[in-house]
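Notes to accompany the following structure.
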Amino acid sequence: MIGITVFRNRFAEFLAKRVVNAGAELMDNARVVDASTSNTHALVRLQDDREFQSDFLIGADGVNSVISTIRHVIHSHFSYSS
């Protein structure tokens, strides 16, 4: 078994550069206050009332996910066994 340690801030910087180079717009300090989905699109509203529509909604905002809370996602709890 091989273990790898990654410094979170360096990994975040690496990912940010990759997505910007791929054409994405990176928005710092943009707080999501509402999110909805339909059969055709996802819609996200920010605290400053800007709205964004996309084909997908991916909540990758961590353990205390705003997206999961807004969308009422139920998490299954598990524990690791030794």
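Chain labels follow the order of the structure tokens: the first chain is A, the next B, and so on; residue numbering restarts at 1 in every chain, and ligands are counted from 1 in their shown order.
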
- prompt: Would you give me, as a list of chain:residue names, the residues in chain A that DSSP reads as strand (DSSP E or B)?
  reply: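 Here are the strand (DSSP E or B) residues of chain A: A:Val32, A:Val33, A:Asp34, A:Ala35, A:Ser36, A:Thr37, A:Ala42, A:Leu43, A:Val44, A:Arg45, A:Leu46, A:Glu51, A:Phe52, A:Gln53, A:Ser54.
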
message: So that I can check the surroundings of range 68-73 of chain A, please list as a list of chain:residue names every protein, DNA and RNA residue that reaches within 10 Å of it, counting only C-alpha atoms and ignoring chain neighbours fewer than 4 positions away.
response: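 Near neighbours after the sequence-gap exclusion: A:Val32, A:Val33, A:Asp34, A:Ala35, A:Ser36, A:Thr37, A:Ile58, A:Gly59, A:Ala60, A:Asp61, A:Gly62, A:Val63, A:Asn64.
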
- request: State, in Å with one decimal place, the distance from CA of Met27 in chain A to CA of His41 in chain A.
  value: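 Atom-to-atom, CA of Met27 in chain A to CA of His41 in chain A, that is 20.6 Å.
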
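From CA of Thr40 in chain A back to CA of Asp55 in chain A, the distance works out to 7.0 Å.
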
- prompt: Expressed in Å to a single decimal, how great is the separation between CA of Glu25 in chain A and CA of Phe52 in chain A?
  reply: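 Rounded to one decimal, the two atoms are 11.7 Å apart.
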
query: So which one's closest to Leu43 in chain A, A:Ala16, A:Ile67, A:Ala30, A:Ile4? Using only C-alpha atoms, please.
result: A:Ile67

- request: From the DSSP assignment of the backbone, select every residue of chain A that is alpha helix (DSSP H), and format the answer as a PyMOL selection string.
  value: chain A and resi 8-21+66-70

Keeping only N, CA and C atoms, take the residues you just selected and write them out as a CSV table (one decimal), in the first residue's frame.
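So the final result, stored in result-v8.csv, reads:
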```csv
chain,number,residue,atom,x,y,z
A,8,ARG,N,-3.0,20.8,1.2
A,8,ARG,CA,-4.3,21.2,0.7
A,8,ARG,C,-4.2,22.5,-0.1
A,9,ASN,N,-3.5,23.5,0.5
A,9,ASN,CA,-3.4,24.8,-0.2
A,9,ASN,C,-2.7,24.7,-1.6
A,10,ARG,N,-1.7,23.8,-1.6
A,10,ARG,CA,-1.0,23.6,-2.9
A,10,ARG,C,-1.9,22.9,-3.9
A,11,PHE,N,-2.6,21.9,-3.4
A,11,PHE,CA,-3.5,21.2,-4.3
A,11,PHE,C,-4.6,22.1,-4.8
A,12,ALA,N,-5.2,22.9,-4.0
A,12,ALA,CA,-6.2,23.8,-4.4
A,12,ALA,C,-5.7,24.8,-5.5
A,13,GLU,N,-4.5,25.3,-5.3
A,13,GLU,CA,-3.8,26.2,-6.3
A,13,GLU,C,-3.6,25.4,-7.6
A,14,PHE,N,-3.2,24.2,-7.5
A,14,PHE,CA,-3.0,23.4,-8.7
A,14,PHE,C,-4.3,23.2,-9.5
A,15,LEU,N,-5.3,22.9,-8.7
A,15,LEU,CA,-6.6,22.7,-9.4
A,15,LEU,C,-7.2,24.0,-10.0
A,16,ALA,N,-7.0,25.1,-9.3
A,16,ALA,CA,-7.5,26.4,-9.8
A,16,ALA,C,-6.8,26.7,-11.1
A,17,LYS,N,-5.5,26.5,-11.2
A,17,LYS,CA,-4.8,26.8,-12.4
A,17,LYS,C,-5.3,25.9,-13.5
A,18,ARG,N,-5.5,24.7,-13.3
A,18,ARG,CA,-6.0,23.7,-14.3
A,18,ARG,C,-7.4,24.1,-14.8
A,19,VAL,N,-8.3,24.5,-14.0
A,19,VAL,CA,-9.6,24.8,-14.4
A,19,VAL,C,-9.6,26.1,-15.2
A,20,VAL,N,-8.9,27.1,-14.8
A,20,VAL,CA,-8.8,28.4,-15.5
A,20,VAL,C,-8.1,28.1,-16.9
A,21,ASN,N,-7.1,27.3,-16.9
A,21,ASN,CA,-6.5,27.0,-18.2
A,21,ASN,C,-7.4,26.3,-19.1
A,66,VAL,N,-22.8,23.7,1.5
A,66,VAL,CA,-24.0,24.6,1.3
A,66,VAL,C,-24.9,24.0,0.3
A,67,ILE,N,-24.4,23.4,-0.8
A,67,ILE,CA,-25.2,22.8,-1.8
A,67,ILE,C,-26.0,21.6,-1.2
A,68,SER,N,-25.3,20.8,-0.4
A,68,SER,CA,-26.0,19.6,0.2
A,68,SER,C,-27.1,20.1,1.1
A,69,THR,N,-26.9,21.2,1.8
A,69,THR,CA,-27.9,21.7,2.8
A,69,THR,C,-29.1,22.2,2.0
A,70,ILE,N,-28.8,23.1,1.0
A,70,ILE,CA,-29.9,23.7,0.2
A,70,ILE,C,-30.7,22.6,-0.6
```

query: Nearest to Gln53 in chain A among A:Ile74, A:Leu26, A:Ser38, A:Ser65, with distances taken over only C-alpha atoms: which residue is it?
result: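 Going through A:Ile74, A:Leu26, A:Ser38, A:Ser65 one by one, the smallest distance to Gln53 in chain A is for A:Ser38.
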